[in-house]
Every structure is written in C-alpha cells, then in structure tokens.
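Okay, run_3.cif is below, mmCIF, C-alpha atoms and all ligand atoms:
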```cif
data_upload
#
loop_
_atom_site.label_atom_id
_atom_site.label_comp_id
_atom_site.auth_asym_id
_atom_site.auth_seq_id
_atom_site.Cartn_x
_atom_site.Cartn_y
_atom_site.Cartn_z
CA MET A 1 103.00 72.05 100.91
CA LYS A 2 101.66 73.37 104.20
CA LEU A 3 100.99 70.03 105.94
CA ARG A 4 103.59 67.73 104.40
CA ASN A 5 103.72 64.36 106.29
CA LYS A 6 101.38 65.57 109.03
CA VAL A 7 98.72 63.17 110.30
CA ALA A 8 95.19 64.50 110.83
CA ILE A 9 92.02 62.97 112.24
CA ILE A 10 88.96 64.70 110.81
CA THR A 11 85.69 63.59 112.39
CA GLY A 12 82.71 63.18 110.08
CA SER A 13 84.86 63.53 106.96
CA GLY A 14 83.11 61.09 104.64
CA ARG A 15 80.91 63.89 103.34
CA GLY A 16 79.98 67.58 103.65
CA ILE A 17 82.31 70.12 105.25
CA GLY A 18 84.48 67.37 106.78
CA LYS A 19 85.20 65.92 103.34
CA ALA A 20 86.14 69.35 101.98
CA ILE A 21 88.57 69.81 104.89
CA ALA A 22 90.04 66.35 104.21
CA ILE A 23 90.62 67.17 100.52
CA GLU A 24 92.22 70.56 101.33
CA PHE A 25 94.55 68.86 103.83
CA ALA A 26 95.45 66.05 101.41
CA ARG A 27 96.37 68.59 98.70
CA GLU A 28 98.86 70.02 101.20
CA GLY A 29 100.50 66.63 101.81
CA CYS A 30 98.59 65.59 104.93
CA VAL A 31 97.73 61.97 105.76
CA VAL A 32 94.05 61.84 106.77
CA VAL A 33 92.05 59.55 109.03
CA VAL A 34 88.55 59.72 107.55
CA ASN A 35 86.15 59.19 110.44
CA TYR A 36 82.52 58.33 109.71
CA LEU A 37 79.55 56.79 111.48
CA HIS A 38 76.77 55.95 108.98
CA SER A 39 78.25 56.96 105.61
CA GLU A 40 80.67 54.12 104.93
CA GLU A 41 80.40 54.35 101.13
CA GLU A 42 81.05 58.10 101.11
CA ALA A 43 83.99 57.62 103.49
CA MET A 44 85.53 55.04 101.15
CA LYS A 45 85.09 57.47 98.24
CA THR A 46 86.82 60.23 100.22
CA VAL A 47 89.71 57.85 101.00
CA GLU A 48 89.99 57.01 97.28
CA GLU A 49 89.97 60.69 96.27
CA ILE A 50 92.74 61.43 98.76
CA LYS A 51 94.83 58.57 97.41
CA GLN A 52 94.31 59.89 93.87
CA ILE A 53 95.61 63.26 95.02
CA GLY A 54 98.78 61.42 96.07
CA SER A 55 98.39 61.43 99.86
CA ASP A 56 97.41 58.60 102.22
CA ALA A 57 94.10 58.08 104.01
CA PHE A 58 92.48 55.53 106.28
CA PRO A 59 88.78 55.16 107.18
CA ILE A 60 87.69 54.60 110.79
CA LYS A 61 84.11 54.09 111.89
CA ALA A 62 83.53 55.68 115.30
CA ASP A 63 80.70 57.47 117.07
CA VAL A 64 82.24 60.64 118.55
CA SER A 65 79.63 60.70 121.32
CA LYS A 66 80.96 57.36 122.67
CA ILE A 67 84.26 57.65 124.51
CA ASN A 68 85.26 54.02 123.85
CA ASP A 69 84.80 54.49 120.08
CA VAL A 70 86.89 57.65 120.24
CA LYS A 71 89.68 55.96 122.23
CA MET A 72 89.72 53.14 119.65
CA MET A 73 89.98 55.73 116.83
CA ILE A 74 93.02 57.40 118.43
CA GLU A 75 94.66 54.02 119.17
CA LYS A 76 94.16 52.78 115.59
CA THR A 77 95.58 56.04 114.22
CA LEU A 78 98.67 55.74 116.42
CA GLU A 79 99.11 52.08 115.46
CA LYS A 80 98.92 52.92 111.76
CA PHE A 81 100.68 56.28 111.53
CA GLY A 82 102.54 56.64 114.85
CA ARG A 83 101.34 60.17 115.60
CA VAL A 84 98.42 62.63 115.48
CA ASP A 85 99.44 66.17 114.54
CA ILE A 86 95.98 67.62 113.91
CA LEU A 87 92.50 66.88 115.20
CA VAL A 88 89.53 68.51 113.46
CA ASN A 89 86.28 68.13 115.39
CA ASN A 90 83.80 68.48 112.56
CA ALA A 91 81.14 65.79 113.20
CA GLY A 92 77.79 67.35 114.00
CA VAL A 93 74.02 66.90 113.80
CA ILE A 94 70.87 69.01 113.73
CA THR A 95 67.83 67.02 114.82
CA ARG A 96 64.39 68.17 113.75
CA PRO A 97 61.93 69.28 115.03
CA GLY A 98 64.16 71.50 117.15
CA ASP A 99 61.55 73.77 118.77
CA TYR A 100 60.89 73.49 122.51
CA LYS A 101 57.34 72.18 122.07
CA ASN A 102 58.20 69.29 119.80
CA MET A 103 61.83 68.38 120.39
CA SER A 104 62.08 65.02 122.16
CA GLU A 105 64.35 64.51 125.16
CA GLU A 106 66.16 61.86 123.11
CA ASP A 107 66.92 64.38 120.34
CA PHE A 108 68.00 67.00 122.89
CA ASN A 109 70.45 64.51 124.39
CA LYS A 110 71.73 63.44 120.97
CA THR A 111 72.28 67.07 119.95
CA ILE A 112 74.40 67.75 123.02
CA ASP A 113 76.11 64.34 122.96
CA VAL A 114 77.34 64.59 119.36
CA ASN A 115 77.96 68.33 118.99
CA LEU A 116 79.43 69.12 122.41
CA LYS A 117 80.38 65.94 124.26
CA GLY A 118 81.78 64.51 121.01
CA VAL A 119 84.24 67.41 120.78
CA TYR A 120 85.21 66.99 124.44
CA ASN A 121 85.68 63.22 124.01
CA CYS A 122 87.98 63.62 121.00
CA ILE A 123 90.08 66.35 122.63
CA LYS A 124 90.43 64.37 125.87
CA ALA A 125 91.47 61.21 124.02
CA VAL A 126 94.04 62.89 121.76
CA ILE A 127 95.81 64.93 124.47
CA PRO A 128 98.25 62.20 125.67
CA ALA A 129 99.60 61.62 122.14
CA MET A 130 99.95 65.34 121.39
CA LYS A 131 101.57 66.04 124.78
CA LYS A 132 104.04 63.21 124.17
CA GLN A 133 104.88 64.63 120.73
CA GLY A 134 105.26 68.08 122.30
CA ASN A 135 102.91 69.70 119.79
CA GLY A 136 99.48 69.50 118.21
CA ARG A 137 96.69 71.46 116.60
CA ILE A 138 93.01 71.11 117.43
CA ILE A 139 90.37 72.87 115.33
CA ASN A 140 86.72 72.69 116.34
CA ILE A 141 83.85 73.40 113.96
CA ALA A 142 81.25 75.46 115.83
CA SER A 143 78.68 77.68 114.08
CA VAL A 144 77.95 81.36 113.84
CA PHE A 145 74.58 80.41 115.36
CA GLY A 146 76.46 79.36 118.49
CA MET A 147 77.26 83.08 118.82
CA LEU A 148 73.97 84.57 117.59
CA GLY A 149 71.39 81.98 118.64
CA ALA A 150 68.72 80.85 116.17
CA ALA A 151 65.13 79.61 116.24
CA PRO A 152 63.97 76.88 116.38
CA VAL A 153 67.24 75.07 117.12
CA ALA A 154 68.10 76.15 120.69
CA ALA A 155 69.83 72.91 121.70
CA TYR A 156 72.06 72.95 118.61
CA CYS A 157 72.99 76.60 119.20
CA ALA A 158 73.70 75.94 122.89
CA ALA A 159 75.96 73.00 121.98
CA LYS A 160 77.85 75.16 119.46
CA ALA A 161 78.21 77.97 122.04
CA GLY A 162 79.69 75.29 124.29
CA VAL A 163 82.17 74.36 121.55
CA ILE A 164 83.34 77.99 121.34
CA ASN A 165 83.92 78.02 125.10
CA LEU A 166 85.59 74.57 125.10
CA THR A 167 87.98 76.02 122.51
CA LYS A 168 88.97 78.94 124.75
CA SER A 169 89.20 76.83 127.90
CA PHE A 170 91.29 74.08 126.29
CA ALA A 171 93.49 76.70 124.56
CA LYS A 172 94.48 77.87 128.05
CA GLU A 173 94.74 74.39 129.56
CA LEU A 174 96.80 72.85 126.75
CA ALA A 175 99.19 75.72 125.98
CA PRO A 176 101.98 76.04 125.04
CA GLU A 177 102.30 72.68 123.24
CA ILE A 178 98.82 72.39 121.75
CA LEU A 179 97.01 75.18 119.90
CA VAL A 180 93.22 75.04 120.00
CA ASN A 181 91.07 77.12 117.66
CA CYS A 182 87.59 77.15 116.24
CA VAL A 183 85.88 77.94 112.95
CA ALA A 184 82.33 79.28 113.11
CA PRO A 185 80.74 78.81 109.69
CA GLY A 186 77.66 80.64 108.53
CA THR A 187 75.27 78.71 106.29
CA ILE A 188 77.16 76.31 104.02
CA ASP A 189 75.85 74.27 101.08
CA THR A 190 75.69 70.72 102.50
CA GLU A 191 73.03 68.09 103.21
CA MET A 192 72.56 69.60 106.69
CA THR A 193 71.59 72.94 105.16
CA ARG A 194 69.51 71.46 102.34
CA ALA A 195 67.46 69.54 104.95
CA GLY A 196 66.30 72.95 106.22
CA GLY A 197 64.63 73.69 102.84
CA GLU A 198 65.06 76.04 99.86
CA GLU A 199 63.16 78.90 101.53
CA LEU A 200 65.70 79.02 104.36
CA ILE A 201 68.62 79.08 101.91
CA LYS A 202 66.95 81.92 99.98
CA TRP A 203 66.29 83.92 103.14
CA ILE A 204 69.84 83.48 104.46
CA SER A 205 71.32 84.41 101.07
CA GLU A 206 69.25 87.60 100.90
CA ASN A 207 70.28 88.52 104.44
CA THR A 208 73.99 87.88 103.94
CA PRO A 209 76.15 90.82 102.75
CA LEU A 210 77.88 88.54 100.21
CA LYS A 211 74.38 87.51 98.93
CA ARG A 212 74.93 83.76 98.96
CA ILE A 213 75.57 80.82 101.25
CA GLY A 214 79.11 79.44 101.49
CA ASN A 215 80.58 76.30 100.01
CA PRO A 216 82.39 73.57 101.99
CA GLN A 217 85.76 74.39 100.35
CA GLU A 218 85.63 77.88 101.86
CA ILE A 219 85.50 76.28 105.33
CA GLY A 220 88.24 73.83 104.32
CA LYS A 221 90.58 76.71 103.52
CA ALA A 222 89.90 78.44 106.86
CA VAL A 223 90.59 75.21 108.75
CA LEU A 224 93.77 74.67 106.72
CA PHE A 225 94.98 78.11 107.83
CA LEU A 226 94.42 77.18 111.51
CA ALA A 227 96.16 73.80 111.04
CA SER A 228 99.25 75.24 109.32
CA ASP A 229 102.31 77.18 110.46
CA ASP A 230 100.65 80.33 109.08
CA SER A 231 98.67 80.52 112.35
CA SER A 232 101.50 79.68 114.77
CA PHE A 233 100.68 82.53 117.23
CA ILE A 234 96.91 82.04 117.29
CA THR A 235 95.15 80.03 119.99
CA GLY A 236 91.69 80.20 121.55
CA HIS A 237 90.36 82.07 118.52
CA THR A 238 87.02 81.66 116.77
CA LEU A 239 87.30 82.43 113.07
CA VAL A 240 83.91 83.43 111.67
CA VAL A 241 83.41 82.39 108.03
CA ASP A 242 79.89 83.55 107.19
CA GLY A 243 79.92 85.98 104.25
CA GLY A 244 79.20 88.79 106.73
CA TYR A 245 75.90 87.30 107.99
CA SER A 246 76.72 88.08 111.63
CA LEU A 247 77.52 91.76 110.96
CA LYS A 248 75.08 94.20 112.49
P1 LIG B 1 76.41 67.06 107.22
O1 LIG B 1 76.52 67.22 105.76
O2 LIG B 1 75.11 66.69 107.81
O3 LIG B 1 77.56 66.06 107.73
C1 LIG B 1 77.64 65.72 109.09
C2 LIG B 1 78.86 64.86 109.30
O4 LIG B 1 78.95 64.55 110.69
C3 LIG B 1 78.78 63.55 108.53
O5 LIG B 1 80.05 63.25 108.00
C4 LIG B 1 78.41 62.53 109.62
O6 LIG B 1 78.94 61.25 109.38
C5 LIG B 1 79.11 63.15 110.82
N1 LIG B 1 78.54 62.66 112.08
C6 LIG B 1 77.31 62.93 112.60
N2 LIG B 1 77.16 62.32 113.79
C7 LIG B 1 78.32 61.66 114.03
C8 LIG B 1 78.78 60.87 115.11
N3 LIG B 1 78.02 60.64 116.19
N4 LIG B 1 80.03 60.35 115.04
C9 LIG B 1 80.82 60.59 113.96
N5 LIG B 1 80.43 61.35 112.91
C10 LIG B 1 79.18 61.87 112.95
O7 LIG B 1 76.82 68.42 107.92
P2 LIG B 1 77.87 69.54 107.50
O8 LIG B 1 77.10 70.70 107.02
O9 LIG B 1 78.96 68.99 106.68
O10 LIG B 1 78.39 69.93 108.96
C11 LIG B 1 79.70 69.67 109.42
C12 LIG B 1 79.92 70.47 110.68
O11 LIG B 1 79.79 71.85 110.39
C13 LIG B 1 78.92 70.17 111.79
O12 LIG B 1 79.55 70.23 113.05
C14 LIG B 1 77.94 71.31 111.65
O13 LIG B 1 77.24 71.55 112.85
C15 LIG B 1 78.85 72.44 111.27
N6 LIG B 1 78.21 73.56 110.63
C16 LIG B 1 77.53 73.38 109.46
C17 LIG B 1 76.93 74.48 108.87
C18 LIG B 1 76.16 74.37 107.58
O14 LIG B 1 75.53 75.36 107.19
N7 LIG B 1 76.19 73.25 106.88
C19 LIG B 1 77.00 75.73 109.49
C20 LIG B 1 77.68 75.87 110.66
C21 LIG B 1 78.29 74.77 111.23
P3 LIG B 1 78.02 60.00 108.92
O15 LIG B 1 77.23 60.46 107.74
O16 LIG B 1 79.01 58.93 108.61
O17 LIG B 1 77.15 59.64 110.11
#
```
Turn the structure described in the file into structure tokens.
Amino acid sequence: MKLRNKVAIITGSGRGIGKAIAIEFAREGCVVVVNYLHSEEEAMKTVEEIKQIGSDAFPIKADVSKINDVKMMIEKTLEKFGRVDILVNNAGVITRPGDYKNMSEEDFNKTIDVNLKGVYNCIKAVIPAMKKQGNGRIINIASVFGMLGAAPVAAYCAAKAGVINLTKSFAKELAPEILVNCVAPGTIDTEMTRAGGEELIKWISENTPLKRIGNPQEIGKAVLFLASDDSSFITGHTLVVDGGYSLK
C-alpha cells in the first residue's frame, strides 16, 4: 500500500474528481478528510465508500475561499488524526456565462476566490503542521486550460494559470520538507464538464489524440503518484493528464 496510515485532506471530495482521488487514496491505506461545501449527501456517501474499502474517513464542511473555514478544517483534522501528510487542492468552480460581456463581477470574484485564493488559503493554513512534522505533500489541481487559455472562460483559465505558478513558487519556498506539485487535467467526465454540453464533449473528444475525454479515476491515479514515495524527487512540477489534447 502506497499511502498506508497517511492522513490526507482532499478539498471538494464529495463528488467528481475529488471523490475519485479520495477512493484511490483509500485503496492505498490513506485516511481521508472529505471536504465539501454544498454536497453533504455525496460527501457522506464518499465517507461510507471509504469505510467499506477498509480505511477511515471524516467529512468536514468548509468553504475553501474563506480562511476561517480553512483554519477550522485543518484544526479539526489535527484534533481527530494528529497530523496532515497530504493536502490535495481540488475544489473548483466554473461560473457561466464566462465571456467578458456577460460575466458578472460577482462571478469573476467567485472564480478567483475559489480556484486561486482557495488553494492559497489551504496551503497557508496547512504549512505549520507539515513543517512541524518535517514533511508533507501538496498537490494542486489546475487545468490544461490554465496553460493554453480557452474561450469563453478567461477568469477560470487565469485562476488555473495562477495555481500552476503558486505550485512552482511554493515548491521553492517550502523545500526541502514539503513537496508541492500540480496536476493539469484535460477534459474529464464530471458534472463540471457535462454542464458545458454534449457538443463541447464531442468537439474535445474529436480534437484529442486519444479520441475521448478522461475519467476521474485517471486523474486520481496521477495524483496518487504525486502523493506517494514514487515521486520523492519531484517538486514544482505540473503533470498534464489530457489524452494529448495540448500537443501541437
Ligand atoms: P465538479 O464535479 O463540479 O466538482 C467540484 C467540487 O469542488 C465539488 O466537490 C464541490 O463541492 C467543490 N467545491 C466548489 N466550490 C467549493 C468551495 N468554495 N469550497 C469547497 N469545495 C468547493 O468539478 P470536477 O470536474 O470534479 O473538478 C474538480 C477540479 O478539477 C476543479 O478544480 C476543476 O477546476 C478541475 N478540473 C476539472 C476538469 C474537468 O474537465 N472536469 C478539467 C480540468 C480541471 P460541493 O459540491 O460540496 O460544493
């Protein structure tokens, strides 16, 4: 087992990609804090599934864009499990409409607050515990569109580009105890993608060398690699998992 007795906080892990990461980790012996904001029922189901696998899990409601919520999440985790070995910053949102003519200022702020500030908040709050332990792994979920740009979701892409840079900057600042890496998924089959419509999925599939979109488990496995000892000499890296979509 690659993560036996490790403790991980995975933000937004009640559903979607976060849930797939949580299940991959649990199969490798990891105890998981299942963070959620709106999806309480799904979070409880994820906790149950993890317990059925034979690992432990604990749900915590917290809005990653609010620093006090995030501090509470870290404190509760330390109270319950005594340590935090891995932080996965997965929580994210796309607000629509996302084009410059129609996107509201409120949606712009939310996009940056959840996708970028949320990652910063969680990293900042977990550092003292990881420094005290003398080790830690942080994996941020960005997007290949944070590297390529995409229309009409400029704010989302800018936030994800920020996540890629936060990864590099914190990798330098937190070395050598804490390794910080990033996964940049292409289009993955989740509610976020389905909200964009069938036409978009068809277009992306046709324009991807592997001729399909990805599934959440394929991101879970990439994150597992970056959380495990298999990646012990990798920090500041962005691992693109996109079926070749970003190839020119
Ligand atoms: P999703 O199905 O829409 O799930 C989003 C998750 O984020 C949910 O668990 C949600 O929890 C959580 N969340 C949203 N706002 C939150 C907040 N303020 N505080 C805490 N949790 C919050 O999306 P997904 O496809 O699984 O995406 C997961 C991550 O992968 C995101 O960062 C996304 O940008 C990134 N990504 C996705 C794709 C894709 O094609 N799907 C591609 C590239 C990158 P609640 O439901 O409890 O609110």
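Residues in contact with Ala62 of chain A at 7 Å, where all atoms listed in the file are counted and same-chain residues fewer than 4 positions away are skipped, are listed as A:Asn35, A:Tyr36, A:Leu37, A:Asp69, A:Val70, A:Met73.
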With C-alpha atoms kept, could you save the residues just selected as a short mmCIF file (atom, residue, chain, number, x, y, z; two decimals), in the frame of the given file?
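Result saved to result35.cif:
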```cif
data_model
loop_
_atom_site.label_atom_id
_atom_site.label_comp_id
_atom_site.auth_asym_id
_atom_site.auth_seq_id
_atom_site.Cartn_x
_atom_site.Cartn_y
_atom_site.Cartn_z
CA ASN A 35 86.15 59.19 110.44
CA TYR A 36 82.52 58.33 109.71
CA LEU A 37 79.55 56.79 111.48
CA ASP A 69 84.80 54.49 120.08
CA VAL A 70 86.89 57.65 120.24
CA MET A 73 89.98 55.73 116.83
#
```
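The shortest atom-to-atom distance to ligand LIG 1 (chain B), with all atoms listed in the file taken into account, belongs to A:Asn90 out of A:Asn68, A:Ser246, A:Ser205, A:Asn90.
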Item checked: Å distance separating atom CA of Pro216 of chain A from atom CA of Ile139 of chain A, one decimal place ->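 Between these atoms lies a distance of 15.6 Å.
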Checklist line | Close residues, Gly196 of chain A itself excluded, 10 Å, all atoms listed in the file, min 4 positions apart in chain, as a list in words | finding: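 Contacts, with the query itself left out: Ile94, Arg96, Glu191, Met192, Leu200 and Ile201 of chain A.
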Next item on the list: Have a look at atom CA of Phe81 of chain A and atom CA of Glu24 of chain A and let me know their distance in Å, one decimal.
Entry: 19.5 Å
Next item on the list: Let me have all residues with an atom within 8 Å of ligand LIG 1 (chain B), counting all atoms listed in the file, laid out as a PyMOL selection string.
Entry: chain A and resi 11-19+35-40+42-43+61-66+89-94+113-115+118+141-145+156+160+184-193+214+216
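Of the residues listed (A:Met147, A:Ala154, A:Ile60, A:Val7), A:Val7 shows the shortest atom-to-atom separation from Met130 of chain A; distances use all atoms listed in the file.
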Next item on the list: Would you mind listing what lies within 7 Å of Cys157 of chain A as a VMD selection string, with only C-alpha atoms counted and same-chain residues fewer than 4 positions away left out?
Entry: chain A and resid 145 to 146 149 to 150 153 161
Item checked: Residue among A:Ala155, A:Leu87, A:Leu247, A:Val223 lying closest to Ile138 of chain A, counting only C-alpha atoms -> A:Leu87
Note to self: Using all atoms listed in the file, can you tell me which of A:Ile9, A:Ala195, A:Val241, A:Ala26 comes closest to Cys122 of chain A?
What the structure shows: A:Ile9
Next item on the list: Rank nothing, just name the residue among A:Ser169, A:Gln217, A:Asn135, A:Thr208 nearest to Asp229 of chain A, using only C-alpha atoms.
Entry: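 Using only C-alpha atoms, the shortest distance to Asp229 of chain A belongs to A:Asn135.
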Note to self: Between A:Lys132, A:Arg212, A:Lys172, A:Arg27, which residue has the minimum interatomic distance to Gln52 of chain A, considering only C-alpha atoms?
What the structure shows: A:Arg27
Check: Could you work out how far atom CA of Leu224 of chain A lies from atom CA of Cys30 of chain A, giving the answer in Å with one decimal?
Finding: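 For atom CA of Cys30 of chain A relative to atom CA of Leu224 of chain A, the distance reads 10.4 Å.
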Need the axis-aligned box for segment 130-148 of chain A with 6 Å each side, so what are the centre and edges in Å to one decimal, as AutoDock Vina command-line options?
```
--center_x 89.6 --center_y 73.9 --center_z 119.3 --size_x 43.3 --size_y 33.4 --size_z 22.9
```
Generate N, CA, C and O atoms for segment 78-97 of chain A and emit them as a PDB file, in the frame of the given file.
```pdb
ATOM      1  N   LEU A  78      97.276  55.813 115.937  1.00  0.00           N
ATOM      2  CA  LEU A  78      98.670  55.740 116.420  1.00  0.00           C
ATOM      3  C   LEU A  78      99.340  54.450 115.949  1.00  0.00           C
ATOM      4  O   LEU A  78     100.513  54.460 115.568  1.00  0.00           O
ATOM      5  N   GLU A  79      98.561  53.358 115.960  1.00  0.00           N
ATOM      6  CA  GLU A  79      99.110  52.080 115.460  1.00  0.00           C
ATOM      7  C   GLU A  79      99.534  52.209 114.008  1.00  0.00           C
ATOM      8  O   GLU A  79     100.584  51.743 113.602  1.00  0.00           O
ATOM      9  N   LYS A  80      98.685  52.862 113.205  1.00  0.00           N
ATOM     10  CA  LYS A  80      98.920  52.920 111.760  1.00  0.00           C
ATOM     11  C   LYS A  80      99.941  53.979 111.374  1.00  0.00           C
ATOM     12  O   LYS A  80     100.788  53.741 110.534  1.00  0.00           O
ATOM     13  N   PHE A  81      99.843  55.161 111.990  1.00  0.00           N
ATOM     14  CA  PHE A  81     100.680  56.280 111.530  1.00  0.00           C
ATOM     15  C   PHE A  81     101.682  56.772 112.575  1.00  0.00           C
ATOM     16  O   PHE A  81     102.525  57.625 112.275  1.00  0.00           O
ATOM     17  N   GLY A  82     101.543  56.305 113.823  1.00  0.00           N
ATOM     18  CA  GLY A  82     102.540  56.640 114.850  1.00  0.00           C
ATOM     19  C   GLY A  82     102.402  57.985 115.502  1.00  0.00           C
ATOM     20  O   GLY A  82     103.114  58.290 116.461  1.00  0.00           O
ATOM     21  N   ARG A  83     101.505  58.852 115.007  1.00  0.00           N
ATOM     22  CA  ARG A  83     101.340  60.170 115.600  1.00  0.00           C
ATOM     23  C   ARG A  83      99.997  60.792 115.179  1.00  0.00           C
ATOM     24  O   ARG A  83      99.378  60.329 114.216  1.00  0.00           O
ATOM     25  N   VAL A  84      99.594  61.832 115.887  1.00  0.00           N
ATOM     26  CA  VAL A  84      98.420  62.630 115.480  1.00  0.00           C
ATOM     27  C   VAL A  84      98.816  64.099 115.613  1.00  0.00           C
ATOM     28  O   VAL A  84      98.962  64.604 116.728  1.00  0.00           O
ATOM     29  N   ASP A  85      99.023  64.762 114.492  1.00  0.00           N
ATOM     30  CA  ASP A  85      99.440  66.170 114.540  1.00  0.00           C
ATOM     31  C   ASP A  85      98.244  67.113 114.638  1.00  0.00           C
ATOM     32  O   ASP A  85      98.349  68.183 115.236  1.00  0.00           O
ATOM     33  N   ILE A  86      97.137  66.713 114.002  1.00  0.00           N
ATOM     34  CA  ILE A  86      95.980  67.620 113.910  1.00  0.00           C
ATOM     35  C   ILE A  86      94.694  66.842 114.180  1.00  0.00           C
ATOM     36  O   ILE A  86      94.515  65.735 113.654  1.00  0.00           O
ATOM     37  N   LEU A  87      93.844  67.428 115.000  1.00  0.00           N
ATOM     38  CA  LEU A  87      92.500  66.880 115.200  1.00  0.00           C
ATOM     39  C   LEU A  87      91.496  67.948 114.760  1.00  0.00           C
ATOM     40  O   LEU A  87      91.553  69.083 115.260  1.00  0.00           O
ATOM     41  N   VAL A  88      90.612  67.592 113.837  1.00  0.00           N
ATOM     42  CA  VAL A  88      89.530  68.510 113.460  1.00  0.00           C
ATOM     43  C   VAL A  88      88.221  67.906 113.942  1.00  0.00           C
ATOM     44  O   VAL A  88      87.811  66.827 113.480  1.00  0.00           O
ATOM     45  N   ASN A  89      87.575  68.584 114.872  1.00  0.00           N
ATOM     46  CA  ASN A  89      86.280  68.130 115.390  1.00  0.00           C
ATOM     47  C   ASN A  89      85.176  68.742 114.556  1.00  0.00           C
ATOM     48  O   ASN A  89      84.714  69.855 114.816  1.00  0.00           O
ATOM     49  N   ASN A  90      84.796  67.984 113.513  1.00  0.00           N
ATOM     50  CA  ASN A  90      83.800  68.480 112.560  1.00  0.00           C
ATOM     51  C   ASN A  90      82.437  67.806 112.695  1.00  0.00           C
ATOM     52  O   ASN A  90      81.412  68.402 112.366  1.00  0.00           O
ATOM     53  N   ALA A  91      82.404  66.556 113.172  1.00  0.00           N
ATOM     54  CA  ALA A  91      81.140  65.790 113.200  1.00  0.00           C
ATOM     55  C   ALA A  91      80.060  66.578 113.937  1.00  0.00           C
ATOM     56  O   ALA A  91      80.306  67.143 115.006  1.00  0.00           O
ATOM     57  N   GLY A  92      78.874  66.612 113.357  1.00  0.00           N
ATOM     58  CA  GLY A  92      77.790  67.350 114.000  1.00  0.00           C
ATOM     59  C   GLY A  92      76.438  66.924 113.454  1.00  0.00           C
ATOM     60  O   GLY A  92      76.350  66.341 112.371  1.00  0.00           O
ATOM     61  N   VAL A  93      75.390  67.206 114.234  1.00  0.00           N
ATOM     62  CA  VAL A  93      74.020  66.900 113.800  1.00  0.00           C
ATOM     63  C   VAL A  93      73.062  68.030 114.187  1.00  0.00           C
ATOM     64  O   VAL A  93      73.249  68.681 115.215  1.00  0.00           O
ATOM     65  N   ILE A  94      72.056  68.218 113.327  1.00  0.00           N
ATOM     66  CA  ILE A  94      70.870  69.010 113.730  1.00  0.00           C
ATOM     67  C   ILE A  94      69.716  68.022 113.705  1.00  0.00           C
ATOM     68  O   ILE A  94      69.496  67.352 112.686  1.00  0.00           O
ATOM     69  N   THR A  95      69.014  67.891 114.810  1.00  0.00           N
ATOM     70  CA  THR A  95      67.830  67.020 114.820  1.00  0.00           C
ATOM     71  C   THR A  95      66.595  67.920 114.666  1.00  0.00           C
ATOM     72  O   THR A  95      66.580  69.051 115.157  1.00  0.00           O
ATOM     73  N   ARG A  96      65.622  67.406 113.948  1.00  0.00           N
ATOM     74  CA  ARG A  96      64.390  68.170 113.750  1.00  0.00           C
ATOM     75  C   ARG A  96      63.187  67.331 114.153  1.00  0.00           C
ATOM     76  O   ARG A  96      63.218  66.117 113.925  1.00  0.00           O
ATOM     77  N   PRO A  97      62.092  67.863 114.725  1.00  0.00           N
ATOM     78  CA  PRO A  97      61.930  69.280 115.030  1.00  0.00           C
ATOM     79  C   PRO A  97      62.836  69.707 116.184  1.00  0.00           C
ATOM     80  O   PRO A  97      63.133  68.927 117.081  1.00  0.00           O
TER      81      PRO A  97
END
```
